[in-house]
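Below is start20.tsv, holding TSV, C-alpha atoms (C1' of nucleotides).
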```tsv
chain	number	residue	atom	x	y	z
Y	1	MET	CA	10.18	13.04	8.56
Y	2	PHE	CA	10.18	9.39	7.60
Y	3	SER	CA	13.26	7.19	7.59
Y	4	ASP	CA	13.69	4.92	4.63
Y	5	LEU	CA	12.44	1.40	5.04
Y	6	ASP	CA	15.04	-1.24	4.21
Y	7	PRO	CA	13.65	-2.57	0.93
Y	8	LEU	CA	14.99	-6.00	1.71
Y	9	LEU	CA	12.77	-6.25	4.73
Y	10	HIS	CA	9.86	-4.31	3.32
Y	11	SER	CA	8.41	-7.33	1.59
Y	12	GLN	CA	5.68	-9.42	3.10
Y	13	LEU	CA	7.38	-12.74	2.62
Y	14	ARG	CA	10.88	-11.68	3.60
Y	15	LEU	CA	9.52	-9.86	6.63
Y	16	GLY	CA	7.58	-12.96	7.62
Y	17	ILE	CA	10.67	-15.11	7.26
Y	18	MET	CA	12.73	-12.72	9.37
Y	19	SER	CA	10.00	-12.41	11.94
Y	20	LEU	CA	9.94	-16.17	12.35
Y	21	LEU	CA	13.70	-16.49	12.46
Y	22	MET	CA	13.81	-13.83	15.17
Y	23	SER	CA	11.73	-16.04	17.41
Y	24	VAL	CA	13.38	-19.42	16.90
Y	25	GLU	CA	16.87	-20.79	17.06
Y	26	TYR	CA	16.72	-22.10	13.51
Y	27	ALA	CA	14.07	-23.05	11.01
Y	28	GLU	CA	13.75	-25.59	8.24
Y	29	PHE	CA	12.61	-24.75	4.75
Y	30	THR	CA	9.38	-26.67	5.14
Y	31	PHE	CA	8.61	-24.97	8.44
Y	32	LEU	CA	9.05	-21.54	6.90
Y	33	LYS	CA	7.03	-22.56	3.88
Y	34	GLU	CA	4.12	-23.65	6.04
Y	35	LYS	CA	4.20	-20.73	8.45
Y	36	THR	CA	4.49	-18.08	5.78
Y	37	ASN	CA	2.07	-19.87	3.50
Y	38	SER	CA	4.34	-19.34	0.53
Y	39	THR	CA	5.21	-21.43	-2.49
Y	40	ALA	CA	8.52	-23.26	-2.51
Y	41	GLY	CA	9.74	-21.25	-5.49
Y	42	ASN	CA	9.02	-17.90	-3.96
Y	43	LEU	CA	10.45	-18.97	-0.62
Y	44	SER	CA	13.61	-20.26	-2.26
Y	45	VAL	CA	14.16	-16.96	-4.08
Y	46	GLN	CA	13.51	-14.80	-1.04
Y	47	LEU	CA	15.67	-16.89	1.26
Y	48	ASP	CA	18.44	-16.48	-1.24
Y	49	LYS	CA	18.11	-12.71	-1.21
Y	50	LEU	CA	18.23	-12.59	2.56
Y	51	SER	CA	21.24	-14.85	2.52
Y	52	VAL	CA	23.09	-12.79	-0.09
Y	53	ALA	CA	22.42	-9.71	2.03
Y	54	GLY	CA	23.92	-11.48	5.00
Y	55	TYR	CA	20.72	-11.28	7.01
Y	56	ILE	CA	20.41	-15.03	7.36
Y	57	SER	CA	22.65	-18.01	6.93
Y	58	ILE	CA	21.49	-21.09	5.11
Y	59	GLU	CA	22.80	-24.57	5.61
Y	60	LYS	CA	22.06	-27.30	3.17
Y	61	SER	CA	22.42	-30.86	4.35
Y	62	PHE	CA	20.52	-34.12	4.25
Y	63	LYS	CA	18.02	-35.69	6.58
Y	64	GLY	CA	18.54	-39.32	5.64
Y	65	LYS	CA	18.65	-38.93	1.89
Y	66	LYS	CA	16.29	-35.96	1.57
Y	67	PRO	CA	17.68	-32.48	1.22
Y	68	LEU	CA	17.33	-30.32	4.28
Y	69	THR	CA	17.64	-26.56	4.26
Y	70	THR	CA	18.10	-24.91	7.62
Y	71	CYS	CA	18.10	-21.16	8.23
Y	72	THR	CA	19.21	-18.93	11.05
Y	73	VAL	CA	19.21	-15.17	11.40
Y	74	THR	CA	22.60	-13.51	11.63
Y	75	LYS	CA	23.71	-10.66	13.85
Y	76	LYS	CA	23.49	-8.36	10.87
Y	77	GLY	CA	19.98	-9.62	10.23
Y	78	ILE	CA	18.89	-8.96	13.78
Y	79	LYS	CA	20.23	-5.43	13.61
Y	80	ALA	CA	18.53	-4.78	10.28
Y	81	PHE	CA	15.26	-6.14	11.58
Y	82	GLU	CA	15.38	-3.96	14.65
Y	83	GLU	CA	16.19	-0.88	12.62
Y	84	TYR	CA	13.40	-1.68	10.22
Y	85	VAL	CA	10.91	-1.99	13.06
Y	86	ASN	CA	12.01	1.33	14.49
Y	87	ALA	CA	11.73	3.08	11.14
Y	88	LEU	CA	8.34	1.54	10.56
Y	89	LYS	CA	7.03	2.84	13.83
Y	90	GLN	CA	7.30	6.39	12.50
Y	91	TYR	CA	4.84	5.47	9.79
Y	92	ILE	CA	2.27	3.66	11.84
Y	93	LYS	CA	2.18	5.59	15.05
Y	94	GLN	CA	-1.40	6.69	15.30
Y	95	PRO	CA	-2.50	10.04	16.70
D	1	MET	CA	0.11	-17.17	11.31
D	2	PHE	CA	0.59	-13.91	9.44
D	3	SER	CA	-2.27	-11.93	7.95
D	4	ASP	CA	-1.74	-10.58	4.48
D	5	LEU	CA	-0.49	-7.03	4.26
D	6	ASP	CA	-2.64	-4.83	2.02
D	7	PRO	CA	-0.29	-4.40	-0.94
D	8	LEU	CA	-1.67	-0.94	-1.57
D	9	LEU	CA	-0.41	0.21	1.77
D	10	HIS	CA	2.70	-1.91	1.88
D	11	SER	CA	4.73	0.56	-0.11
D	12	GLN	CA	6.99	3.11	1.51
D	13	LEU	CA	5.66	6.10	-0.34
D	14	ARG	CA	1.97	5.21	-0.18
D	15	LEU	CA	2.30	4.35	3.49
D	16	GLY	CA	3.99	7.66	4.13
D	17	ILE	CA	1.23	9.50	2.30
D	18	MET	CA	-1.44	7.70	4.29
D	19	SER	CA	0.40	8.22	7.54
D	20	LEU	CA	0.51	11.95	6.90
D	21	LEU	CA	-3.10	12.13	5.82
D	22	MET	CA	-4.13	10.31	8.98
D	23	SER	CA	-2.68	13.12	11.04
D	24	VAL	CA	-3.97	16.16	9.17
D	25	GLU	CA	-7.31	17.37	7.93
D	26	TYR	CA	-6.05	17.67	4.37
D	27	ALA	CA	-2.75	18.03	2.59
D	28	GLU	CA	-1.53	19.72	-0.55
D	29	PHE	CA	0.55	17.98	-3.19
D	30	THR	CA	3.60	20.08	-2.43
D	31	PHE	CA	3.29	19.39	1.29
D	32	LEU	CA	3.18	15.65	0.69
D	33	LYS	CA	6.02	15.90	-1.76
D	34	GLU	CA	8.22	17.64	0.76
D	35	LYS	CA	7.31	15.52	3.76
D	36	THR	CA	7.70	12.22	1.94
D	37	ASN	CA	10.78	13.41	0.08
D	38	SER	CA	9.46	11.99	-3.16
D	39	THR	CA	9.61	13.12	-6.74
D	40	ALA	CA	6.53	14.74	-8.22
D	41	GLY	CA	6.15	11.94	-10.73
D	42	ASN	CA	6.23	9.15	-8.22
D	43	LEU	CA	3.93	11.05	-5.89
D	44	SER	CA	1.46	11.69	-8.67
D	45	VAL	CA	1.33	8.01	-9.59
D	46	GLN	CA	0.95	6.79	-6.01
D	47	LEU	CA	-1.70	9.35	-5.13
D	48	ASP	CA	-3.64	8.17	-8.12
D	49	LYS	CA	-3.49	4.56	-6.95
D	50	LEU	CA	-4.71	5.48	-3.50
D	51	SER	CA	-7.47	7.52	-5.05
D	52	VAL	CA	-8.58	4.76	-7.43
D	53	ALA	CA	-8.69	2.41	-4.43
D	54	GLY	CA	-10.92	4.87	-2.63
D	55	TYR	CA	-8.45	5.35	0.20
D	56	ILE	CA	-8.08	9.07	-0.41
D	57	SER	CA	-9.98	11.71	-2.28
D	58	ILE	CA	-8.22	14.22	-4.44
D	59	GLU	CA	-9.47	17.64	-5.31
D	60	LYS	CA	-7.92	19.63	-8.09
D	61	SER	CA	-8.45	23.35	-8.07
D	62	PHE	CA	-6.48	26.54	-8.51
D	63	LYS	CA	-4.67	28.76	-6.08
D	64	GLY	CA	-4.69	31.97	-8.06
D	65	LYS	CA	-3.67	30.62	-11.42
D	66	LYS	CA	-1.52	27.75	-10.23
D	67	PRO	CA	-2.93	24.24	-10.01
D	68	LEU	CA	-3.60	23.04	-6.51
D	69	THR	CA	-4.06	19.40	-5.59
D	70	THR	CA	-5.55	18.71	-2.19
D	71	CYS	CA	-5.89	15.27	-0.62
D	72	THR	CA	-7.87	13.85	2.24
D	73	VAL	CA	-8.12	10.35	3.59
D	74	THR	CA	-11.51	8.67	3.26
D	75	LYS	CA	-13.35	6.50	5.76
D	76	LYS	CA	-12.35	3.49	3.72
D	77	GLY	CA	-8.75	4.66	3.79
D	78	ILE	CA	-8.78	5.05	7.56
D	79	LYS	CA	-10.15	1.55	7.98
D	80	ALA	CA	-7.59	0.09	5.59
D	81	PHE	CA	-4.77	1.88	7.37
D	82	GLU	CA	-5.88	0.62	10.75
D	83	GLU	CA	-6.20	-2.92	9.48
D	84	TYR	CA	-2.79	-2.70	7.88
D	85	VAL	CA	-1.24	-1.53	11.13
D	86	ASN	CA	-2.84	-4.39	13.02
D	87	ALA	CA	-1.68	-6.95	10.52
D	88	LEU	CA	1.80	-5.49	10.55
D	89	LYS	CA	2.04	-5.81	14.30
D	90	GLN	CA	2.03	-9.59	13.95
D	91	TYR	CA	5.21	-9.32	11.94
D	92	ILE	CA	7.12	-6.90	14.07
D	93	LYS	CA	6.20	-7.89	17.57
D	94	GLN	CA	9.48	-8.72	19.17
D	95	PRO	CA	9.99	-11.53	21.66
C	1	DA	C1'	8.37	-54.88	-10.03
C	2	DT	C1'	7.02	-50.65	-11.86
C	3	DA	C1'	4.15	-46.73	-12.42
C	4	DT	C1'	2.44	-42.66	-9.73
C	5	DT	C1'	2.62	-39.36	-6.31
C	6	DT	C1'	4.95	-36.79	-2.87
C	7	DT	C1'	8.83	-34.31	-0.87
C	8	DG	C1'	12.14	-30.80	-1.03
C	9	DG	C1'	13.70	-28.04	-3.39
C	10	DT	C1'	15.89	-24.79	-7.81
C	11	DT	C1'	15.67	-22.26	-12.11
C	12	DT	C1'	13.52	-19.56	-15.36
C	13	DA	C1'	9.71	-16.84	-17.15
C	14	DT	C1'	5.96	-13.71	-16.44
C	15	DT	C1'	3.56	-10.20	-14.20
C	16	DT	C1'	3.32	-6.44	-11.28
C	17	DT	C1'	5.39	-2.43	-8.98
C	18	DA	C1'	8.11	1.30	-8.14
C	19	DT	C1'	10.81	4.72	-9.82
C	20	DA	C1'	12.81	7.83	-13.00
C	21	DA	C1'	12.83	10.52	-17.03
C	22	DA	C1'	10.59	13.30	-20.20
C	23	DC	C1'	7.11	16.37	-20.99
C	24	DT	C1'	3.31	20.25	-20.44
C	25	DA	C1'	1.65	24.66	-19.27
C	26	DA	C1'	1.60	28.54	-16.71
C	27	DT	C1'	4.41	31.83	-13.78
C	28	DT	C1'	8.05	34.24	-11.94
C	29	DT	C1'	12.48	36.22	-12.02
C	30	DA	C1'	16.69	38.11	-14.12
T	1	DT	C1'	12.19	38.52	-23.42
T	2	DA	C1'	14.80	34.62	-22.27
T	3	DA	C1'	15.62	31.48	-18.49
T	4	DA	C1'	14.20	29.26	-14.55
T	5	DT	C1'	10.71	27.67	-11.31
T	6	DT	C1'	6.25	25.66	-9.92
T	7	DA	C1'	2.91	22.16	-10.14
T	8	DG	C1'	1.96	18.71	-11.90
T	9	DT	C1'	1.04	14.36	-15.71
T	10	DT	C1'	2.42	10.74	-18.86
T	11	DT	C1'	5.37	7.37	-20.42
T	12	DA	C1'	9.40	4.45	-20.19
T	13	DT	C1'	12.59	1.70	-17.59
T	14	DA	C1'	14.31	-0.92	-13.78
T	15	DA	C1'	13.46	-3.86	-10.11
T	16	DA	C1'	10.64	-7.01	-7.53
T	17	DA	C1'	7.38	-10.49	-6.57
T	18	DT	C1'	5.22	-14.36	-8.02
T	19	DA	C1'	4.16	-18.32	-10.68
T	20	DA	C1'	5.19	-21.97	-13.63
T	21	DA	C1'	8.16	-25.42	-15.07
T	22	DC	C1'	11.47	-28.40	-13.85
T	23	DC	C1'	14.64	-31.91	-11.23
T	24	DA	C1'	16.04	-35.88	-8.34
T	25	DA	C1'	15.10	-38.92	-4.85
T	26	DA	C1'	11.83	-41.37	-2.01
T	27	DA	C1'	7.54	-43.23	-0.71
T	28	DT	C1'	3.27	-45.31	-2.00
T	29	DA	C1'	0.00	-47.76	-4.73
T	30	DT	C1'	-1.04	-51.30	-8.48
```

Hey, can you dump this file as structure tokens for me?
Amino acid sequence: MFSDLDPLLHSQLRLGIMSLLMSVEYAEFTFLKEKTNSTAGNLSVQLDKLSVAGYISIEKSFKGKKPLTTCTVTKKGIKAFEEYVNALKQYIKQP
Amino acid sequence: MFSDLDPLLHSQLRLGIMSLLMSVEYAEFTFLKEKTNSTAGNLSVQLDKLSVAGYISIEKSFKGKKPLTTCTVTKKGIKAFEEYVNALKQYIKQP
DNA sequence: ATATTTTGGTTTATTTTATAAACTAATTTA
DNA sequence: TAAATTAGTTTATAAAATAAACCAAAATAT
């Protein structure tokens, strides 16, 4: 009846992050923080989970002398997102 | 950017329950249990939450001598579901 | 010059949720 | 009549989300 929803994507913040990353080439920590309206702590944790899962890749560098965290979605992440969206559609298709 | 997702609906099982109830006039506990592939305990808990929120109404009666739990979605539940779906679309609309 | 605030985060603790396990009571079935 | 099934509820545990506390460097104000 209903396919399972990837628990990694079925989270408002992580879904928001992935949604943004699907539409841009890369995104900085501060950009994601602003767009998703999240706290730095929460964002940091959730980015890490997505990264550990292989859905995004995170690069840490410096802009001048300030830390700079840059994220991109991976192939695996794109596939997972697409599958999630398809599964979700079963739940929200209205009669 | 992203609207908040009603946390009561942003749960696989509760969303499945609501999705089913949106498409039928009423549903029995056992029907929901089978269709959502959930355990009785989990279903019982989540139905209760939806009921406390006023999203569904639950009627407990007897079929012969066996307990019979029947659920229907309320007006409030329908509105919440529709709003949830609209909010969700912001997250999953693909480029 | 030096305190104070801001930036860009991470780590750890707390709260909330979801899920599973254990239980109840009545009912079939063997 | 003992064992298993049905239809659930309650309680305990595991997992997740969030918030709070913290850190180091840089920018700003005094």

What are the residues of chain D that have an atom within 12 Å of an atom of chain T, counting all atoms listed in the file, as a VMD selection string?
chain D and resid 7 28 to 31 33 39 to 45 48 60 to 63 65 to 69

Any chance you could fit chain D onto chain Y with least squares, all Cα atoms in order, and share the moved copy as a PDB file with C-alpha atoms, keeping the file's coordinate frame?
```pdb
ATOM      1  CA  MET D   1      10.202  13.028   8.546  1.00  0.00           C
ATOM      2  CA  PHE D   2      10.159   9.364   7.583  1.00  0.00           C
ATOM      3  CA  SER D   3      13.248   7.178   7.595  1.00  0.00           C
ATOM      4  CA  ASP D   4      13.702   4.910   4.629  1.00  0.00           C
ATOM      5  CA  LEU D   5      12.429   1.384   5.033  1.00  0.00           C
ATOM      6  CA  ASP D   6      15.050  -1.249   4.210  1.00  0.00           C
ATOM      7  CA  PRO D   7      13.654  -2.571   0.928  1.00  0.00           C
ATOM      8  CA  LEU D   8      15.017  -6.009   1.700  1.00  0.00           C
ATOM      9  CA  LEU D   9      12.790  -6.257   4.707  1.00  0.00           C
ATOM     10  CA  HIS D  10       9.872  -4.323   3.320  1.00  0.00           C
ATOM     11  CA  SER D  11       8.415  -7.328   1.578  1.00  0.00           C
ATOM     12  CA  GLN D  12       5.679  -9.433   3.100  1.00  0.00           C
ATOM     13  CA  LEU D  13       7.370 -12.755   2.611  1.00  0.00           C
ATOM     14  CA  ARG D  14      10.885 -11.697   3.592  1.00  0.00           C
ATOM     15  CA  LEU D  15       9.530  -9.883   6.624  1.00  0.00           C
ATOM     16  CA  GLY D  16       7.595 -12.962   7.622  1.00  0.00           C
ATOM     17  CA  ILE D  17      10.693 -15.111   7.254  1.00  0.00           C
ATOM     18  CA  MET D  18      12.734 -12.723   9.366  1.00  0.00           C
ATOM     19  CA  SER D  19      10.004 -12.414  11.949  1.00  0.00           C
ATOM     20  CA  LEU D  20       9.936 -16.178  12.350  1.00  0.00           C
ATOM     21  CA  LEU D  21      13.694 -16.491  12.464  1.00  0.00           C
ATOM     22  CA  MET D  22      13.827 -13.835  15.164  1.00  0.00           C
ATOM     23  CA  SER D  23      11.725 -16.035  17.396  1.00  0.00           C
ATOM     24  CA  VAL D  24      13.382 -19.412  16.891  1.00  0.00           C
ATOM     25  CA  GLU D  25      16.887 -20.769  17.061  1.00  0.00           C
ATOM     26  CA  TYR D  26      16.713 -22.084  13.513  1.00  0.00           C
ATOM     27  CA  ALA D  27      14.067 -23.058  11.015  1.00  0.00           C
ATOM     28  CA  GLU D  28      13.752 -25.592   8.243  1.00  0.00           C
ATOM     29  CA  PHE D  29      12.607 -24.730   4.741  1.00  0.00           C
ATOM     30  CA  THR D  30       9.386 -26.672   5.120  1.00  0.00           C
ATOM     31  CA  PHE D  31       8.622 -24.980   8.431  1.00  0.00           C
ATOM     32  CA  LEU D  32       9.053 -21.545   6.891  1.00  0.00           C
ATOM     33  CA  LYS D  33       7.047 -22.576   3.884  1.00  0.00           C
ATOM     34  CA  GLU D  34       4.137 -23.655   6.026  1.00  0.00           C
ATOM     35  CA  LYS D  35       4.214 -20.760   8.462  1.00  0.00           C
ATOM     36  CA  THR D  36       4.507 -18.102   5.777  1.00  0.00           C
ATOM     37  CA  ASN D  37       2.061 -19.886   3.498  1.00  0.00           C
ATOM     38  CA  SER D  38       4.328 -19.349   0.526  1.00  0.00           C
ATOM     39  CA  THR D  39       5.186 -21.419  -2.489  1.00  0.00           C
ATOM     40  CA  ALA D  40       8.497 -23.247  -2.503  1.00  0.00           C
ATOM     41  CA  GLY D  41       9.707 -21.225  -5.457  1.00  0.00           C
ATOM     42  CA  ASN D  42       9.009 -17.862  -3.943  1.00  0.00           C
ATOM     43  CA  LEU D  43      10.448 -18.953  -0.617  1.00  0.00           C
ATOM     44  CA  SER D  44      13.595 -20.220  -2.267  1.00  0.00           C
ATOM     45  CA  VAL D  45      14.137 -16.929  -4.079  1.00  0.00           C
ATOM     46  CA  GLN D  46      13.501 -14.763  -1.021  1.00  0.00           C
ATOM     47  CA  LEU D  47      15.673 -16.869   1.260  1.00  0.00           C
ATOM     48  CA  ASP D  48      18.448 -16.468  -1.236  1.00  0.00           C
ATOM     49  CA  LYS D  49      18.108 -12.685  -1.194  1.00  0.00           C
ATOM     50  CA  LEU D  50      18.227 -12.575   2.576  1.00  0.00           C
ATOM     51  CA  SER D  51      21.235 -14.840   2.519  1.00  0.00           C
ATOM     52  CA  VAL D  52      23.104 -12.789  -0.092  1.00  0.00           C
ATOM     53  CA  ALA D  53      22.426  -9.707   2.047  1.00  0.00           C
ATOM     54  CA  GLY D  54      23.930 -11.484   5.021  1.00  0.00           C
ATOM     55  CA  TYR D  55      20.723 -11.279   7.024  1.00  0.00           C
ATOM     56  CA  ILE D  56      20.398 -15.037   7.374  1.00  0.00           C
ATOM     57  CA  SER D  57      22.654 -18.002   6.937  1.00  0.00           C
ATOM     58  CA  ILE D  58      21.503 -21.080   5.130  1.00  0.00           C
ATOM     59  CA  GLU D  59      22.814 -24.551   5.633  1.00  0.00           C
ATOM     60  CA  LYS D  60      22.067 -27.289   3.176  1.00  0.00           C
ATOM     61  CA  SER D  61      22.417 -30.836   4.367  1.00  0.00           C
ATOM     62  CA  PHE D  62      20.535 -34.106   4.260  1.00  0.00           C
ATOM     63  CA  LYS D  63      18.005 -35.654   6.565  1.00  0.00           C
ATOM     64  CA  GLY D  64      18.474 -39.279   5.634  1.00  0.00           C
ATOM     65  CA  LYS D  65      18.538 -38.943   1.888  1.00  0.00           C
ATOM     66  CA  LYS D  66      16.251 -35.952   1.565  1.00  0.00           C
ATOM     67  CA  PRO D  67      17.675 -32.458   1.219  1.00  0.00           C
ATOM     68  CA  LEU D  68      17.340 -30.321   4.294  1.00  0.00           C
ATOM     69  CA  THR D  69      17.657 -26.551   4.277  1.00  0.00           C
ATOM     70  CA  THR D  70      18.113 -24.896   7.639  1.00  0.00           C
ATOM     71  CA  CYS D  71      18.117 -21.147   8.237  1.00  0.00           C
ATOM     72  CA  THR D  72      19.229 -18.916  11.048  1.00  0.00           C
ATOM     73  CA  VAL D  73      19.214 -15.173  11.401  1.00  0.00           C
ATOM     74  CA  THR D  74      22.617 -13.502  11.630  1.00  0.00           C
ATOM     75  CA  LYS D  75      23.731 -10.655  13.865  1.00  0.00           C
ATOM     76  CA  LYS D  76      23.494  -8.362  10.881  1.00  0.00           C
ATOM     77  CA  GLY D  77      19.987  -9.623  10.213  1.00  0.00           C
ATOM     78  CA  ILE D  78      18.897  -8.967  13.783  1.00  0.00           C
ATOM     79  CA  LYS D  79      20.224  -5.430  13.611  1.00  0.00           C
ATOM     80  CA  ALA D  80      18.536  -4.789  10.274  1.00  0.00           C
ATOM     81  CA  PHE D  81      15.249  -6.145  11.570  1.00  0.00           C
ATOM     82  CA  GLU D  82      15.371  -3.964  14.648  1.00  0.00           C
ATOM     83  CA  GLU D  83      16.191  -0.894  12.609  1.00  0.00           C
ATOM     84  CA  TYR D  84      13.393  -1.689  10.207  1.00  0.00           C
ATOM     85  CA  VAL D  85      10.914  -1.993  13.052  1.00  0.00           C
ATOM     86  CA  ASN D  86      12.005   1.340  14.470  1.00  0.00           C
ATOM     87  CA  ALA D  87      11.731   3.068  11.139  1.00  0.00           C
ATOM     88  CA  LEU D  88       8.339   1.523  10.549  1.00  0.00           C
ATOM     89  CA  LYS D  89       7.025   2.844  13.828  1.00  0.00           C
ATOM     90  CA  GLN D  90       7.289   6.382  12.477  1.00  0.00           C
ATOM     91  CA  TYR D  91       4.829   5.437   9.779  1.00  0.00           C
ATOM     92  CA  ILE D  92       2.283   3.610  11.835  1.00  0.00           C
ATOM     93  CA  LYS D  93       2.178   5.557  15.041  1.00  0.00           C
ATOM     94  CA  GLN D  94      -1.391   6.650  15.321  1.00  0.00           C
ATOM     95  CA  PRO D  95      -2.493  10.008  16.686  1.00  0.00           C
TER      96      PRO D  95
END
```

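Atom to atom, CA of Lys35 (chain D) and CA of Asp6 (chain Y) stand 18.5 Å apart.
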
Determine which residues of chain C sit within 12 Å of chain D, taking into account only C-alpha atoms (C1' of nucleotides), and present them as number ranges by chain.
C: 16-23, 25-28

Point-to-point distance in Å for CA of Thr74 (chain D) and CA of Tyr55 (chain D):
5.5 Å

Do me a favour and pick out the residues of chain Y within 8 Å of chain D, using only C-alpha atoms, as a PyMOL selection string.
chain Y and resi 1-2+4-5+10-12+15-16+19+22-23+35-36+85+91-92+94-95

Can you measure CA of Cys71 (chain Y) to CA of Ala87 (chain Y) for me? One decimal in Å is fine.
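Calculated distance between CA of Cys71 (chain Y) and CA of Ala87 (chain Y) is 25.2 Å.
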
Restore N, CA and C atoms in region 34-51 of chain D and list the result as a PDB file, in the coordinates of the input.
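Just written: rebuild.pdb:
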```pdb
ATOM      1  N   GLU D  34       7.110  17.260  -0.114  1.00  0.00           N
ATOM      2  CA  GLU D  34       8.220  17.640   0.760  1.00  0.00           C
ATOM      3  C   GLU D  34       8.370  16.662   1.921  1.00  0.00           C
ATOM      4  N   LYS D  35       7.259  16.363   2.564  1.00  0.00           N
ATOM      5  CA  LYS D  35       7.310  15.520   3.760  1.00  0.00           C
ATOM      6  C   LYS D  35       7.757  14.091   3.429  1.00  0.00           C
ATOM      7  N   THR D  36       7.336  13.596   2.282  1.00  0.00           N
ATOM      8  CA  THR D  36       7.700  12.220   1.940  1.00  0.00           C
ATOM      9  C   THR D  36       9.022  12.168   1.179  1.00  0.00           C
ATOM     10  N   ASN D  37       9.509  13.341   0.803  1.00  0.00           N
ATOM     11  CA  ASN D  37      10.780  13.410   0.080  1.00  0.00           C
ATOM     12  C   ASN D  37      10.738  12.616  -1.228  1.00  0.00           C
ATOM     13  N   SER D  38       9.636  12.741  -1.917  1.00  0.00           N
ATOM     14  CA  SER D  38       9.460  11.990  -3.160  1.00  0.00           C
ATOM     15  C   SER D  38       9.540  12.926  -4.359  1.00  0.00           C
ATOM     16  N   THR D  39       9.669  12.323  -5.526  1.00  0.00           N
ATOM     17  CA  THR D  39       9.610  13.120  -6.740  1.00  0.00           C
ATOM     18  C   THR D  39       8.145  13.362  -7.085  1.00  0.00           C
ATOM     19  N   ALA D  40       7.902  14.405  -7.852  1.00  0.00           N
ATOM     20  CA  ALA D  40       6.530  14.740  -8.220  1.00  0.00           C
ATOM     21  C   ALA D  40       5.895  13.594  -9.012  1.00  0.00           C
ATOM     22  N   GLY D  41       6.687  13.013  -9.907  1.00  0.00           N
ATOM     23  CA  GLY D  41       6.150  11.940 -10.730  1.00  0.00           C
ATOM     24  C   GLY D  41       5.699  10.742  -9.922  1.00  0.00           C
ATOM     25  N   ASN D  42       6.558  10.294  -9.071  1.00  0.00           N
ATOM     26  CA  ASN D  42       6.230   9.150  -8.220  1.00  0.00           C
ATOM     27  C   ASN D  42       5.027   9.484  -7.338  1.00  0.00           C
ATOM     28  N   LEU D  43       5.044  10.653  -6.755  1.00  0.00           N
ATOM     29  CA  LEU D  43       3.930  11.050  -5.890  1.00  0.00           C
ATOM     30  C   LEU D  43       2.618  11.052  -6.664  1.00  0.00           C
ATOM     31  N   SER D  44       2.664  11.616  -7.840  1.00  0.00           N
ATOM     32  CA  SER D  44       1.460  11.690  -8.670  1.00  0.00           C
ATOM     33  C   SER D  44       0.885  10.303  -8.931  1.00  0.00           C
ATOM     34  N   VAL D  45       1.766   9.385  -9.305  1.00  0.00           N
ATOM     35  CA  VAL D  45       1.330   8.010  -9.590  1.00  0.00           C
ATOM     36  C   VAL D  45       0.729   7.358  -8.350  1.00  0.00           C
ATOM     37  N   GLN D  46       1.406   7.491  -7.224  1.00  0.00           N
ATOM     38  CA  GLN D  46       0.950   6.790  -6.010  1.00  0.00           C
ATOM     39  C   GLN D  46      -0.326   7.408  -5.450  1.00  0.00           C
ATOM     40  N   LEU D  47      -0.452   8.715  -5.563  1.00  0.00           N
ATOM     41  CA  LEU D  47      -1.700   9.350  -5.130  1.00  0.00           C
ATOM     42  C   LEU D  47      -2.857   8.811  -5.962  1.00  0.00           C
ATOM     43  N   ASP D  48      -2.596   8.671  -7.236  1.00  0.00           N
ATOM     44  CA  ASP D  48      -3.640   8.170  -8.120  1.00  0.00           C
ATOM     45  C   ASP D  48      -4.090   6.767  -7.704  1.00  0.00           C
ATOM     46  N   LYS D  49      -3.122   5.927  -7.361  1.00  0.00           N
ATOM     47  CA  LYS D  49      -3.490   4.560  -6.950  1.00  0.00           C
ATOM     48  C   LYS D  49      -4.342   4.569  -5.691  1.00  0.00           C
ATOM     49  N   LEU D  50      -3.948   5.396  -4.749  1.00  0.00           N
ATOM     50  CA  LEU D  50      -4.710   5.480  -3.500  1.00  0.00           C
ATOM     51  C   LEU D  50      -6.107   6.011  -3.771  1.00  0.00           C
ATOM     52  N   SER D  51      -6.185   6.928  -4.710  1.00  0.00           N
ATOM     53  CA  SER D  51      -7.470   7.520  -5.050  1.00  0.00           C
ATOM     54  C   SER D  51      -8.378   6.511  -5.757  1.00  0.00           C
TER      55      SER D  51
END
```
